[in-house]
>>> print(open('structure10.csv').read())   # CSV, C-alpha atoms and all ligand atoms
chain,number,residue,atom,x,y,z
O,1,MET,CA,12.0,36.1,-7.5
O,2,ARG,CA,11.2,32.4,-7.8
O,3,LYS,CA,7.7,31.4,-6.6
O,4,GLN,CA,7.7,29.6,-3.2
O,5,THR,CA,6.3,26.0,-3.5
O,6,ASN,CA,5.9,23.1,-1.2
O,7,LEU,CA,9.1,21.7,-2.6
O,8,ASP,CA,11.0,24.4,-0.8
O,9,HIS,CA,10.2,22.8,2.5
O,10,GLY,CA,13.6,21.2,2.8
O,11,PRO,CA,17.1,22.7,2.9
O,12,ARG,CA,18.2,24.2,-0.4
O,13,GLY,CA,21.2,23.0,-2.5
O,14,THR,CA,21.5,19.6,-0.8
O,15,VAL,CA,19.9,17.4,-3.4
O,16,GLN,CA,22.4,15.0,-5.0
O,17,PRO,CA,21.3,14.5,-8.6
O,18,LEU,CA,22.7,11.0,-8.9
O,19,ALA,CA,20.4,9.4,-6.4
O,20,LEU,CA,17.0,11.1,-6.0
O,21,ASN,CA,14.4,8.9,-4.4
O,22,VAL,CA,10.7,9.8,-4.4
O,23,VAL,CA,9.1,8.1,-1.4
O,24,ALA,CA,5.3,8.2,-1.5
O,25,GLY,CA,4.0,7.6,2.0
O,26,GLY,CA,7.4,8.6,3.4
O,27,ALA,CA,6.0,10.1,6.6
O,28,GLY,CA,4.2,6.9,7.5
O,29,PHE,CA,5.5,4.0,9.7
O,30,ILE,CA,7.6,2.0,7.3
O,31,GLY,CA,8.1,5.0,4.9
O,32,SER,CA,9.8,7.1,7.6
O,33,HIS,CA,12.3,4.4,8.4
O,34,LEU,CA,13.0,4.0,4.6
O,35,CYS,CA,13.6,7.7,4.2
O,36,ARG,CA,16.0,7.6,7.1
O,37,ALA,CA,17.9,4.6,5.7
O,38,LEU,CA,18.2,6.3,2.3
O,39,LEU,CA,19.4,9.5,3.8
O,40,ASP,CA,21.9,7.5,5.9
O,41,ARG,CA,23.2,6.0,2.7
O,42,GLY,CA,23.9,9.5,1.4
O,43,GLU,CA,21.0,9.7,-1.0
O,44,SER,CA,18.4,12.4,-1.5
O,45,VAL,CA,14.7,11.9,-0.7
O,46,LEU,CA,11.7,13.7,-1.9
O,47,CYS,CA,8.9,12.5,0.5
O,48,LEU,CA,5.3,12.7,-0.8
O,49,ASP,CA,2.6,12.2,1.8
O,50,ASN,CA,-0.9,13.4,2.3
O,51,LEU,CA,-0.5,13.1,6.1
O,52,GLN,CA,-3.8,11.2,6.3
O,53,THR,CA,-2.5,8.5,8.6
O,54,SER,CA,1.1,9.5,9.2
O,55,ARG,CA,2.4,10.9,12.5
O,56,PRO,CA,3.6,14.5,12.2
O,57,SER,CA,6.5,13.6,14.5
O,58,ASN,CA,7.8,11.1,11.9
O,59,LEU,CA,8.0,13.9,9.5
O,60,ARG,CA,9.5,16.4,12.0
O,61,ALA,CA,12.3,13.9,12.7
O,62,LEU,CA,13.2,13.9,9.0
O,63,GLU,CA,12.7,17.6,8.1
O,64,GLY,CA,15.9,19.6,8.2
O,65,GLN,CA,18.1,16.5,7.3
O,66,PRO,CA,20.4,17.2,4.4
O,67,GLY,CA,19.0,15.9,1.2
O,68,PHE,CA,15.4,15.6,2.5
O,69,ARG,CA,12.4,17.5,1.1
O,70,PHE,CA,8.8,17.1,1.8
O,71,LEU,CA,5.8,17.7,-0.5
O,72,ARG,CA,2.3,17.4,0.9
O,73,HIS,CA,0.4,15.6,-1.8
O,74,ASP,CA,-2.2,12.9,-2.2
O,75,ILE,CA,-1.1,10.5,-4.9
O,76,SER,CA,-4.7,9.8,-6.0
O,77,GLN,CA,-4.6,13.3,-7.4
O,78,PRO,CA,-2.5,14.3,-10.5
O,79,LEU,CA,1.1,14.8,-9.5
O,80,PRO,CA,2.1,18.5,-9.2
O,81,ALA,CA,4.0,20.0,-12.1
O,82,ASP,CA,6.9,20.8,-9.7
O,83,LEU,CA,7.4,17.0,-9.3
O,84,THR,CA,7.0,16.0,-13.0
O,85,ARG,CA,9.5,18.7,-13.9
O,86,MET,CA,12.1,17.0,-11.7
O,87,ALA,CA,11.7,13.7,-13.6
O,88,PRO,CA,15.1,13.7,-15.3
O,89,ARG,CA,16.7,13.7,-11.9
O,90,ILE,CA,14.6,11.0,-10.2
O,91,THR,CA,16.3,7.6,-10.0
O,92,ARG,CA,14.0,5.6,-7.7
O,93,ILE,CA,10.3,5.7,-6.9
O,94,TRP,CA,9.0,3.9,-3.9
O,95,ASN,CA,5.2,3.6,-3.4
O,96,LEU,CA,4.3,3.1,0.3
O,97,ALA,CA,1.4,5.5,0.2
O,98,CYS,CA,-1.8,4.0,1.6
O,99,ALA,CA,-3.5,3.6,5.0
O,100,ALA,CA,-2.6,0.1,6.0
O,101,SER,CA,-4.5,-0.6,9.2
O,102,PRO,CA,-7.9,-2.2,8.7
O,103,PRO,CA,-10.0,0.3,10.7
O,104,LEU,CA,-8.2,3.2,9.0
O,105,TYR,CA,-8.3,2.0,5.4
O,106,GLN,CA,-12.0,1.1,5.8
O,107,ARG,CA,-12.9,4.6,7.0
O,108,ASP,CA,-12.8,5.9,3.4
O,109,PRO,CA,-12.8,2.8,1.1
O,110,GLU,CA,-13.2,4.8,-2.1
O,111,HIS,CA,-10.1,6.8,-1.3
O,112,THR,CA,-8.2,3.6,-0.3
O,113,MET,CA,-9.0,2.0,-3.7
O,114,MET,CA,-8.2,5.2,-5.6
O,115,THR,CA,-4.9,5.6,-3.7
O,116,ASN,CA,-3.8,2.1,-4.8
O,117,VAL,CA,-5.1,2.2,-8.3
O,118,VAL,CA,-5.0,5.8,-9.6
O,119,GLY,CA,-2.2,6.8,-7.2
O,120,THR,CA,0.0,3.9,-8.3
O,121,ASN,CA,-0.7,4.7,-12.0
O,122,HIS,CA,0.4,8.3,-11.4
O,123,LEU,CA,3.7,7.1,-9.9
O,124,LEU,CA,4.2,4.6,-12.7
O,125,ARG,CA,3.8,7.3,-15.2
O,126,LEU,CA,6.4,9.4,-13.4
O,127,ALA,CA,8.7,6.3,-13.4
O,128,GLU,CA,8.2,6.0,-17.1
O,129,ALA,CA,9.0,9.6,-17.8
O,130,ALA,CA,11.9,9.6,-15.4
O,131,LYS,CA,13.2,6.2,-16.5
O,132,ALA,CA,13.4,5.5,-12.8
O,133,ARG,CA,13.0,2.1,-11.1
O,134,PHE,CA,9.6,1.7,-9.3
O,135,LEU,CA,8.9,-0.4,-6.2
O,136,LEU,CA,5.3,-1.1,-5.1
O,137,THR,CA,4.7,-2.1,-1.6
O,138,SER,CA,1.9,-4.6,-2.0
O,139,THR,CA,0.6,-6.8,0.9
O,140,SER,CA,0.0,-10.2,2.3
O,141,GLU,CA,-3.6,-9.2,2.1
O,142,VAL,CA,-3.5,-10.2,-1.6
O,143,TYR,CA,-3.7,-13.8,-0.2
O,144,GLY,CA,-7.0,-12.9,1.6
O,145,ASP,CA,-8.0,-15.7,4.1
O,146,PRO,CA,-5.5,-18.2,2.7
O,147,GLU,CA,-6.3,-21.9,2.0
O,148,ILE,CA,-2.6,-22.6,1.4
O,149,HIS,CA,-0.1,-22.3,4.3
O,150,PRO,CA,2.4,-20.8,4.4
O,151,GLN,CA,1.8,-18.4,1.5
O,152,ALA,CA,4.2,-18.5,-1.4
O,153,GLU,CA,4.0,-15.9,-4.2
O,154,ASP,CA,2.5,-18.3,-6.7
O,155,TYR,CA,-0.6,-18.8,-4.5
O,156,ARG,CA,-3.4,-16.7,-6.0
O,157,GLY,CA,-5.2,-16.1,-2.8
O,158,ASN,CA,-8.7,-16.2,-1.4
O,159,VAL,CA,-9.8,-12.6,-1.3
O,160,SER,CA,-13.4,-11.5,-0.8
O,161,CYS,CA,-13.9,-8.9,-3.6
O,162,THR,CA,-17.1,-7.6,-1.9
O,163,GLY,CA,-16.2,-7.5,1.8
O,164,PRO,CA,-15.0,-4.5,3.9
O,165,ARG,CA,-11.3,-5.4,3.3
O,166,ALA,CA,-11.7,-5.4,-0.5
O,167,CYS,CA,-10.9,-1.7,-1.0
O,168,TYR,CA,-7.4,-2.5,0.3
O,169,ASP,CA,-6.9,-6.1,-0.9
O,170,GLU,CA,-8.3,-5.6,-4.4
O,171,GLY,CA,-6.8,-2.2,-4.6
O,172,LYS,CA,-3.3,-3.7,-4.0
O,173,ARG,CA,-4.1,-6.5,-6.4
O,174,ALA,CA,-5.0,-4.0,-9.1
O,175,ALA,CA,-1.9,-2.0,-8.3
O,176,GLU,CA,0.3,-5.1,-8.8
O,177,ALA,CA,-1.4,-5.8,-12.1
O,178,LEU,CA,-0.7,-2.2,-13.3
O,179,ALA,CA,2.9,-2.4,-12.2
O,180,PHE,CA,3.5,-5.7,-14.0
O,181,ASP,CA,1.7,-4.3,-17.1
O,182,TYR,CA,4.1,-1.4,-17.2
O,183,GLY,CA,7.0,-3.8,-16.7
O,184,ARG,CA,5.8,-6.2,-19.5
O,185,ALA,CA,5.4,-3.3,-21.9
O,186,GLY,CA,8.9,-2.0,-21.1
O,187,ARG,CA,7.5,1.2,-19.8
O,188,ALA,CA,9.2,1.0,-16.3
O,189,GLN,CA,11.4,-1.3,-14.4
O,190,VAL,CA,9.2,-2.6,-11.6
O,191,ARG,CA,9.6,-4.3,-8.3
O,192,VAL,CA,6.7,-5.6,-6.2
O,193,ALA,CA,7.1,-6.5,-2.5
O,194,ARG,CA,4.3,-8.2,-0.6
O,195,ILE,CA,4.7,-7.0,2.9
O,196,PHE,CA,3.5,-9.1,5.9
O,197,ASN,CA,2.7,-7.7,9.3
O,198,THR,CA,5.4,-5.3,10.4
O,199,TYR,CA,5.9,-3.6,13.7
O,200,GLY,CA,8.4,-1.2,15.4
O,201,PRO,CA,9.0,2.4,16.4
O,202,ASN,CA,7.0,5.1,14.5
O,203,MET,CA,3.8,3.1,14.5
O,204,ASP,CA,0.8,5.2,15.3
O,205,PRO,CA,-0.4,4.4,18.9
O,206,GLY,CA,-4.0,4.9,17.5
O,207,ASP,CA,-3.5,2.8,14.4
O,208,GLY,CA,-5.7,0.0,15.7
O,209,ARG,CA,-3.3,-2.8,14.9
O,210,VAL,CA,-2.7,-5.7,17.3
O,211,VAL,CA,0.9,-4.9,18.2
O,212,SER,CA,0.3,-1.2,18.8
O,213,ASN,CA,-3.1,-1.8,20.6
O,214,LEU,CA,-1.7,-4.5,23.0
O,215,ILE,CA,1.5,-2.6,23.9
O,216,CYS,CA,-0.3,0.7,24.4
O,217,GLN,CA,-3.1,-0.9,26.4
O,218,ALA,CA,-0.6,-2.7,28.6
O,219,LEU,CA,1.4,0.5,29.2
O,220,ARG,CA,-1.7,2.5,30.0
O,221,GLY,CA,-3.2,-0.3,32.2
O,222,ASP,CA,-6.2,-0.5,29.9
O,223,GLU,CA,-8.1,-3.7,29.1
O,224,LEU,CA,-6.2,-5.9,26.5
O,225,THR,CA,-8.4,-6.5,23.5
O,226,VAL,CA,-8.3,-9.8,21.7
O,227,TYR,CA,-10.6,-10.1,18.7
O,228,GLY,CA,-12.2,-13.5,18.4
O,229,ASP,CA,-10.7,-16.3,20.5
O,230,GLY,CA,-7.2,-15.3,19.8
O,231,SER,CA,-6.3,-18.5,17.9
O,232,GLN,CA,-5.8,-16.7,14.5
O,233,THR,CA,-2.1,-16.4,13.6
O,234,ARG,CA,0.1,-13.7,12.2
O,235,SER,CA,3.9,-13.5,11.6
O,236,PHE,CA,5.5,-10.3,12.8
O,237,CYS,CA,8.5,-8.6,11.1
O,238,TYR,CA,10.6,-5.9,12.8
O,239,VAL,CA,10.7,-2.7,10.8
O,240,SER,CA,14.5,-2.6,10.3
O,241,ASP,CA,14.4,-6.0,8.7
O,242,MET,CA,11.5,-4.9,6.4
O,243,VAL,CA,13.4,-1.8,5.3
O,244,ALA,CA,16.5,-3.9,4.5
O,245,GLY,CA,14.4,-6.2,2.4
O,246,LEU,CA,12.8,-3.4,0.5
O,247,MET,CA,16.1,-1.8,-0.2
O,248,ALA,CA,17.6,-5.2,-1.3
O,249,LEU,CA,14.7,-5.7,-3.6
O,250,MET,CA,14.9,-2.3,-5.2
O,251,GLU,CA,18.6,-2.7,-5.9
O,252,ALA,CA,18.7,-6.4,-6.9
O,253,ASP,CA,19.8,-7.2,-10.4
O,254,ILE,CA,16.7,-9.2,-11.3
O,255,ASP,CA,14.1,-8.8,-13.9
O,256,GLY,CA,11.5,-7.9,-11.2
O,257,MET,CA,8.6,-9.5,-13.0
O,258,GLU,CA,7.5,-11.5,-10.0
O,259,PRO,CA,6.3,-10.4,-6.6
O,260,VAL,CA,8.5,-11.1,-3.6
O,261,ASN,CA,7.2,-11.8,-0.1
O,262,LEU,CA,8.9,-9.9,2.7
O,263,GLY,CA,8.1,-10.8,6.2
O,264,ASN,CA,9.2,-12.9,9.2
O,265,PRO,CA,8.1,-16.6,9.0
O,266,ASP,CA,7.9,-16.8,12.8
O,267,GLU,CA,4.2,-17.5,13.1
O,268,MET,CA,2.2,-17.2,16.3
O,269,THR,CA,-1.4,-16.8,17.6
O,270,VAL,CA,-2.7,-13.5,18.8
O,271,THR,CA,-2.9,-15.1,22.3
O,272,GLU,CA,0.8,-16.0,22.1
O,273,LEU,CA,1.6,-12.4,21.1
O,274,LEU,CA,-0.5,-11.2,24.0
O,275,GLY,CA,1.6,-13.5,26.3
O,276,HIS,CA,4.8,-11.8,25.1
O,277,VAL,CA,3.4,-8.4,25.7
O,278,VAL,CA,2.2,-9.3,29.2
O,279,THR,CA,5.6,-10.7,30.1
O,280,LEU,CA,7.4,-7.8,28.7
O,281,THR,CA,5.3,-5.1,30.4
O,282,GLY,CA,4.2,-6.9,33.5
O,283,THR,CA,0.7,-5.6,33.0
O,284,ARG,CA,-2.1,-7.1,35.2
O,285,ALA,CA,-4.8,-5.6,33.1
O,286,PRO,CA,-7.7,-7.9,32.2
O,287,VAL,CA,-8.1,-9.4,28.7
O,288,VAL,CA,-11.4,-8.8,27.0
O,289,HIS,CA,-12.6,-10.5,23.9
O,290,ARG,CA,-14.2,-8.5,21.1
O,291,PRO,CA,-15.9,-9.9,17.9
O,292,LEU,CA,-13.6,-11.0,15.2
O,293,PRO,CA,-13.7,-8.4,12.3
O,294,VAL,CA,-15.4,-9.5,9.1
O,295,ASP,CA,-13.0,-11.4,6.7
O,296,ASP,CA,-10.2,-11.5,9.3
O,297,PRO,CA,-7.7,-14.0,7.9
O,298,ARG,CA,-7.4,-17.1,10.1
O,299,ARG,CA,-3.7,-17.8,9.4
O,300,ARG,CA,-0.8,-15.9,7.8
O,301,ARG,CA,2.8,-16.8,7.4
O,302,PRO,CA,5.1,-15.9,4.6
O,303,ASP,CA,7.1,-18.4,2.5
O,304,ILE,CA,10.2,-16.3,2.0
O,305,SER,CA,12.2,-18.8,-0.1
O,306,ARG,CA,12.1,-16.4,-3.1
O,307,ALA,CA,13.5,-13.4,-1.1
O,308,ARG,CA,16.2,-15.7,0.3
O,309,ALA,CA,17.2,-16.9,-3.1
O,310,LEU,CA,16.9,-13.6,-5.1
O,311,LEU,CA,18.0,-11.1,-2.4
O,312,ASN,CA,19.9,-13.2,0.1
O,313,TRP,CA,17.6,-11.6,2.6
O,314,ALA,CA,16.0,-13.0,5.8
O,315,PRO,CA,14.8,-11.2,8.9
O,316,ARG,CA,17.3,-11.0,11.7
O,317,ILE,CA,15.5,-9.5,14.7
O,318,PRO,CA,13.8,-12.0,17.0
O,319,LEU,CA,10.4,-11.1,18.3
O,320,ALA,CA,11.6,-10.6,21.9
O,321,GLU,CA,14.2,-8.1,20.8
O,322,GLY,CA,11.9,-6.3,18.5
O,323,LEU,CA,9.0,-6.1,21.0
O,324,GLU,CA,11.3,-4.8,23.7
O,325,ALA,CA,12.5,-1.9,21.4
O,326,THR,CA,9.0,-1.2,20.3
O,327,CYS,CA,7.7,-1.2,23.9
O,328,ALA,CA,10.4,1.2,25.0
O,329,TRP,CA,9.6,3.5,22.1
O,330,PHE,CA,5.8,3.4,22.9
O,331,ALA,CA,6.6,4.1,26.5
O,332,ALA,CA,8.5,7.2,25.6
O,333,GLU,CA,5.7,8.3,23.2
O,334,LEU,CA,3.0,7.8,25.8
O,335,ALA,CA,5.0,9.6,28.5
O,336,ALA,CA,5.2,12.6,26.1
O,337,GLU,CA,1.5,12.6,25.4
O,338,PRO,CA,0.2,14.7,28.4
O,339,ALA,CA,2.9,17.3,27.8
O,340,ALA,CA,2.0,17.5,24.1
O,341,ALA,CA,-1.7,17.8,24.9
O,342,GLY,CA,-1.0,20.7,27.3
O,343,ILE,CA,0.8,22.8,24.7
Q,1,LIG,N1,-6.5,-7.9,16.7
Q,1,LIG,C1,-6.7,-8.2,18.1
Q,1,LIG,N2,-6.8,-7.2,18.9
Q,1,LIG,C2,-6.6,-5.9,18.6
Q,1,LIG,C3,-6.3,-5.6,17.2
Q,1,LIG,C4,-6.3,-6.7,16.3
Q,1,LIG,O1,-6.9,-9.4,18.5
Q,1,LIG,O2,-6.6,-5.0,19.4
Q,1,LIG,C5,-6.4,-9.1,15.8
Q,1,LIG,C6,-7.0,-8.9,14.4
Q,1,LIG,O3,-8.4,-9.3,14.5
Q,1,LIG,C7,-6.2,-9.8,13.6
Q,1,LIG,C8,-4.8,-9.7,14.2
Q,1,LIG,O4,-5.0,-9.3,15.5
Q,1,LIG,O5,-6.7,-11.2,13.7
Q,1,LIG,C9,-3.9,-8.8,13.4
Q,1,LIG,O6,-4.6,-7.6,13.2
Q,1,LIG,P1,-3.9,-6.3,12.6
Q,1,LIG,O7,-5.0,-5.3,12.4
Q,1,LIG,O8,-2.7,-5.9,13.4
Q,1,LIG,O9,-3.3,-6.8,11.2
Q,1,LIG,P2,-4.0,-7.5,9.9
Q,1,LIG,O10,-5.4,-8.0,10.3
Q,1,LIG,O11,-4.1,-6.5,8.9
Q,1,LIG,O12,-3.1,-8.6,9.7
>>> encode(input="structure10.csv", output="structure tokens", more="lines below")
Ligand code: UDP
Amino acid sequence: MRKQTNLDHGPRGTVQPLALNVVAGGAGFIGSHLCRALLDRGESVLCLDNLQTSRPSNLRALEGQPGFRFLRHDISQPLPADLTRMAPRITRIWNLACAASPPLYQRDPEHTMMTNVVGTNHLLRLAEAAKARFLLTSTSEVYGDPEIHPQAEDYRGNVSCTGPRACYDEGKRAAEALAFDYGRAGRAQVRVARIFNTYGPNMDPGDGRVVSNLICQALRGDELTVYGDGSQTRSFCYVSDMVAGLMALMEADIDGMEPVNLGNPDEMTVTELLGHVVTLTGTRAPVVHRPLPVDDPRRRRPDISRARALLNWAPRIPLAEGLEATCAWFAAELAAEPAAAGI
């Protein structure tokens, strides 16, 4: 009898050899939407996740889907032999594995750095062995606290290499360098997406990010927390737009040797975002100001000219529509909380 392994989690006999995607971080916020979109396209997905910051319900919604398998694994550790043995069948490798919210990635900075550097290298080696295309999800954080606005890909950034965000920012910068080195040496076909702030269903209510915090606080009637004076800006992209951008980048017939910004250029201050949430939810909860986190970027807005030109991609979902869908999703999640806690 064959030994049971984690790879037996999903239904048997459903993997289609011609399109096998490895999605590292597939149980996370963006990763779970990507897995769903790949399955909807009729492809197979092997999801790797250490479940450090993912929501178990994201995974439960995927398990049992034809073509889906889950393997609990931390990519900072050597990849399991089960996975490397599958290399000849793997066609695409997506790296979305890393805690992405500042309070969470700062909780274990060494692990954050290792996930980005060592973990990315493990997946790149797999891509080399599999002759699979590899996509790294990098981040707008590579621009640090930018002096150039909006940020285009040729801007080299203003990152503090010693501050509390460095484990993530510098980790992603090193991961990009590794990916491009593999690409230059012809060891793997690589794609690098720089993801700007993204929101939508499947975010963790406890993630600590501004969209999830403000919506959950409003729905619970808790104080609304604004860090600093609220004049710092961000540009928020709805998750379905982000996933469409990632898929377009992976499949685009380009040489891939330049990073591509993905995000929504619709920039606003945190105070303006707060106004949208207040209008949408009708909350009368008070606003409280908390200290601005160290190295919190003042402004952030993607220049997406490259994505438009190379991928013919641009976000479609306006903030009002995306926030409404996100709010409805959080409302359902929070309503289910007491029942879940009582189990
Ligand atoms: N922020 C805020 N209130 C919160 C959480 C975050 O005002 O409850 C601010 C945060 O300081 C930052 C912006 O909102 O200026 C976006 O924070 P987030 O953690 O969502 O993303 P990132 O800083 O990684 O862009």
>>> closest_atom_pairs(input="structure10.csv", of="chain O", to="ligand LIG 1 (chain Q)", cutoff="7 Å", atoms="all atoms listed in the file", output="JSON lines")
{"residue": "O:Ser101", "atom": "CA", "partner": "Q:LIG1", "partner_atom": "O7", "distance": 5.7}
{"residue": "O:Pro102", "atom": "CA", "partner": "Q:LIG1", "partner_atom": "O7", "distance": 5.6}
{"residue": "O:Asn197", "atom": "CA", "partner": "Q:LIG1", "partner_atom": "O12", "distance": 5.9}
{"residue": "O:Gly208", "atom": "CA", "partner": "Q:LIG1", "partner_atom": "C3", "distance": 5.8}
{"residue": "O:Arg209", "atom": "CA", "partner": "Q:LIG1", "partner_atom": "O8", "distance": 3.5}
{"residue": "O:Val210", "atom": "CA", "partner": "Q:LIG1", "partner_atom": "C3", "distance": 3.6}
{"residue": "O:Val211", "atom": "CA", "partner": "Q:LIG1", "partner_atom": "O8", "distance": 6.1}
{"residue": "O:Asn213", "atom": "CA", "partner": "Q:LIG1", "partner_atom": "O2", "distance": 4.9}
{"residue": "O:Leu214", "atom": "CA", "partner": "Q:LIG1", "partner_atom": "O2", "distance": 6.1}
{"residue": "O:Thr225", "atom": "CA", "partner": "Q:LIG1", "partner_atom": "O2", "distance": 4.7}
{"residue": "O:Val226", "atom": "CA", "partner": "Q:LIG1", "partner_atom": "O1", "distance": 3.5}
{"residue": "O:Tyr227", "atom": "CA", "partner": "Q:LIG1", "partner_atom": "O1", "distance": 3.8}
{"residue": "O:Gly228", "atom": "CA", "partner": "Q:LIG1", "partner_atom": "O1", "distance": 6.7}
{"residue": "O:Gly230", "atom": "CA", "partner": "Q:LIG1", "partner_atom": "O1", "distance": 6.0}
{"residue": "O:Gln232", "atom": "CA", "partner": "Q:LIG1", "partner_atom": "O5", "distance": 5.6}
{"residue": "O:Thr233", "atom": "CA", "partner": "Q:LIG1", "partner_atom": "O5", "distance": 6.9}
{"residue": "O:Arg234", "atom": "CA", "partner": "Q:LIG1", "partner_atom": "C9", "distance": 6.4}
{"residue": "O:Val270", "atom": "CA", "partner": "Q:LIG1", "partner_atom": "O4", "distance": 5.8}
{"residue": "O:Leu292", "atom": "CA", "partner": "Q:LIG1", "partner_atom": "O3", "distance": 5.5}
{"residue": "O:Pro293", "atom": "CA", "partner": "Q:LIG1", "partner_atom": "O3", "distance": 5.8}
{"residue": "O:Asp296", "atom": "CA", "partner": "Q:LIG1", "partner_atom": "O5", "distance": 5.6}
{"residue": "O:Pro297", "atom": "CA", "partner": "Q:LIG1", "partner_atom": "O5", "distance": 6.5}
{"residue": "O:Arg298", "atom": "CA", "partner": "Q:LIG1", "partner_atom": "O5", "distance": 6.9}
>>> residues_around(input="structure10.csv", residues="segment 151-155 of chain O", least_positions_apart="2", cutoff="9 Å", atoms="all atoms listed in the file", output="PDB file with C-alpha atoms, keeping the file's coordinate frame")
ATOM      1  CA  SER O 140       0.000 -10.200   2.300  1.00  0.00           C
ATOM      2  CA  TYR O 143      -3.700 -13.800  -0.200  1.00  0.00           C
ATOM      3  CA  PRO O 146      -5.500 -18.200   2.700  1.00  0.00           C
ATOM      4  CA  GLU O 147      -6.300 -21.900   2.000  1.00  0.00           C
ATOM      5  CA  ILE O 148      -2.600 -22.600   1.400  1.00  0.00           C
ATOM      6  CA  HIS O 149      -0.100 -22.300   4.300  1.00  0.00           C
ATOM      7  CA  GLY O 157      -5.200 -16.100  -2.800  1.00  0.00           C
ATOM      8  CA  ARG O 194       4.300  -8.200  -0.600  1.00  0.00           C
ATOM      9  CA  GLU O 258       7.500 -11.500 -10.000  1.00  0.00           C
ATOM     10  CA  PRO O 259       6.300 -10.400  -6.600  1.00  0.00           C
ATOM     11  CA  VAL O 260       8.500 -11.100  -3.600  1.00  0.00           C
ATOM     12  CA  ASN O 261       7.200 -11.800  -0.100  1.00  0.00           C
ATOM     13  CA  ARG O 300      -0.800 -15.900   7.800  1.00  0.00           C
ATOM     14  CA  ARG O 301       2.800 -16.800   7.400  1.00  0.00           C
ATOM     15  CA  PRO O 302       5.100 -15.900   4.600  1.00  0.00           C
ATOM     16  CA  ASP O 303       7.100 -18.400   2.500  1.00  0.00           C
ATOM     17  CA  ILE O 304      10.200 -16.300   2.000  1.00  0.00           C
ATOM     18  CA  SER O 305      12.200 -18.800  -0.100  1.00  0.00           C
ATOM     19  CA  ARG O 306      12.100 -16.400  -3.100  1.00  0.00           C
TER      20      ARG O 306
END
>>> residues_near_point(input="structure10.csv", point="(9.7, 4.0, -7.5)", cutoff="8 Å", atoms="only C-alpha atoms", output="ChimeraX atom specification")
/O:21-23,91-95,123-124,127,132-136,190
>>> atom_distance(input="structure10.csv", atom1="atom CA of Ser212 of chain O", atom2="atom CA of Leu104 of chain O")
13.7 Å
>>> atom_distance(input="structure10.csv", atom1="atom CA of Pro265 of chain O", atom2="atom CA of Val192 of chain O")
18.8 Å
>>> atom_distance(input="structure10.csv", atom1="atom CA of Arg316 of chain O", atom2="atom CA of Leu246 of chain O")
14.3 Å
>>> residues_around(input="structure10.csv", residues="Glu110 of chain O", least_positions_apart="4", cutoff="10 Å", atoms="only C-alpha atoms", output="list of chain:residue names")
O:Tyr105, O:Gln106, O:Met114, O:Thr115, O:Cys167, O:Tyr168, O:Gly171
>>> write_last_selection(input="structure10.csv", atoms="C-alpha atoms", output="PDB file, in the frame of the given file")
ATOM      1  CA  TYR O 105      -8.300   2.000   5.400  1.00  0.00           C
ATOM      2  CA  GLN O 106     -12.000   1.100   5.800  1.00  0.00           C
ATOM      3  CA  MET O 114      -8.200   5.200  -5.600  1.00  0.00           C
ATOM      4  CA  THR O 115      -4.900   5.600  -3.700  1.00  0.00           C
ATOM      5  CA  CYS O 167     -10.900  -1.700  -1.000  1.00  0.00           C
ATOM      6  CA  TYR O 168      -7.400  -2.500   0.300  1.00  0.00           C
ATOM      7  CA  GLY O 171      -6.800  -2.200  -4.600  1.00  0.00           C
TER       8      GLY O 171
END
>>> closest_residue(input="structure10.csv", among="O:His73, O:His111, O:Arg125, O:Arg55", to="Tyr182 of chain O", atoms="all atoms listed in the file")
O:Arg125
>>> closest_residue(input="structure10.csv", among="O:Gly119, O:Pro291, O:Gly221, O:Pro78", to="Ala175 of chain O", atoms="only C-alpha atoms")
O:Gly119
>>> residues_near_point(input="structure10.csv", point="(15.7, -4.1, -9.4)", cutoff="9 Å", atoms="all atoms listed in the file", output="list in words")
Arg133, Phe134, Leu135, Gln189, Val190, Arg191, Ala248, Leu249, Met250, Glu251, Ala252, Asp253, Ile254, Asp255 and Gly256 of chain O
>>> closest_residue(input="structure10.csv", among="O:Asn202, O:Asn121, O:Thr112, O:Thr279", to="Ala166 of chain O", atoms="only C-alpha atoms")
O:Thr112
>>> residues_around(input="structure10.csv", residues="segment 198-201 of chain O", least_positions_apart="3", cutoff="8 Å", atoms="all atoms listed in the file", output="VMD selection string")
chain O and resid 29 195 211 to 212 236 to 239 242 263 322 to 323 325 to 326 329 to 330
>>> residues_around(input="structure10.csv", residues="segment 158-160 of chain O", least_positions_apart="3", cutoff="9 Å", atoms="only C-alpha atoms", output="list in words")
Glu141, Val142, Tyr143, Gly144, Asp145, Pro146, Glu147, Gly163, Pro164, Arg165, Ala166, Asp169, Glu170 and Asp295 of chain O
>>> write_last_selection(input="structure10.csv", atoms="C-alpha atoms", output="compact mmCIF listing (two decimals), in the coordinates of the input")
# COMPACT_ATOMS: atom_id res chain seq x y z
CA GLU O 141 -3.60 -9.20 2.10
CA VAL O 142 -3.50 -10.20 -1.60
CA TYR O 143 -3.70 -13.80 -0.20
CA GLY O 144 -7.00 -12.90 1.60
CA ASP O 145 -8.00 -15.70 4.10
CA PRO O 146 -5.50 -18.20 2.70
CA GLU O 147 -6.30 -21.90 2.00
CA GLY O 163 -16.20 -7.50 1.80
CA PRO O 164 -15.00 -4.50 3.90
CA ARG O 165 -11.30 -5.40 3.30
CA ALA O 166 -11.70 -5.40 -0.50
CA ASP O 169 -6.90 -6.10 -0.90
CA GLU O 170 -8.30 -5.60 -4.40
CA ASP O 295 -13.00 -11.40 6.70
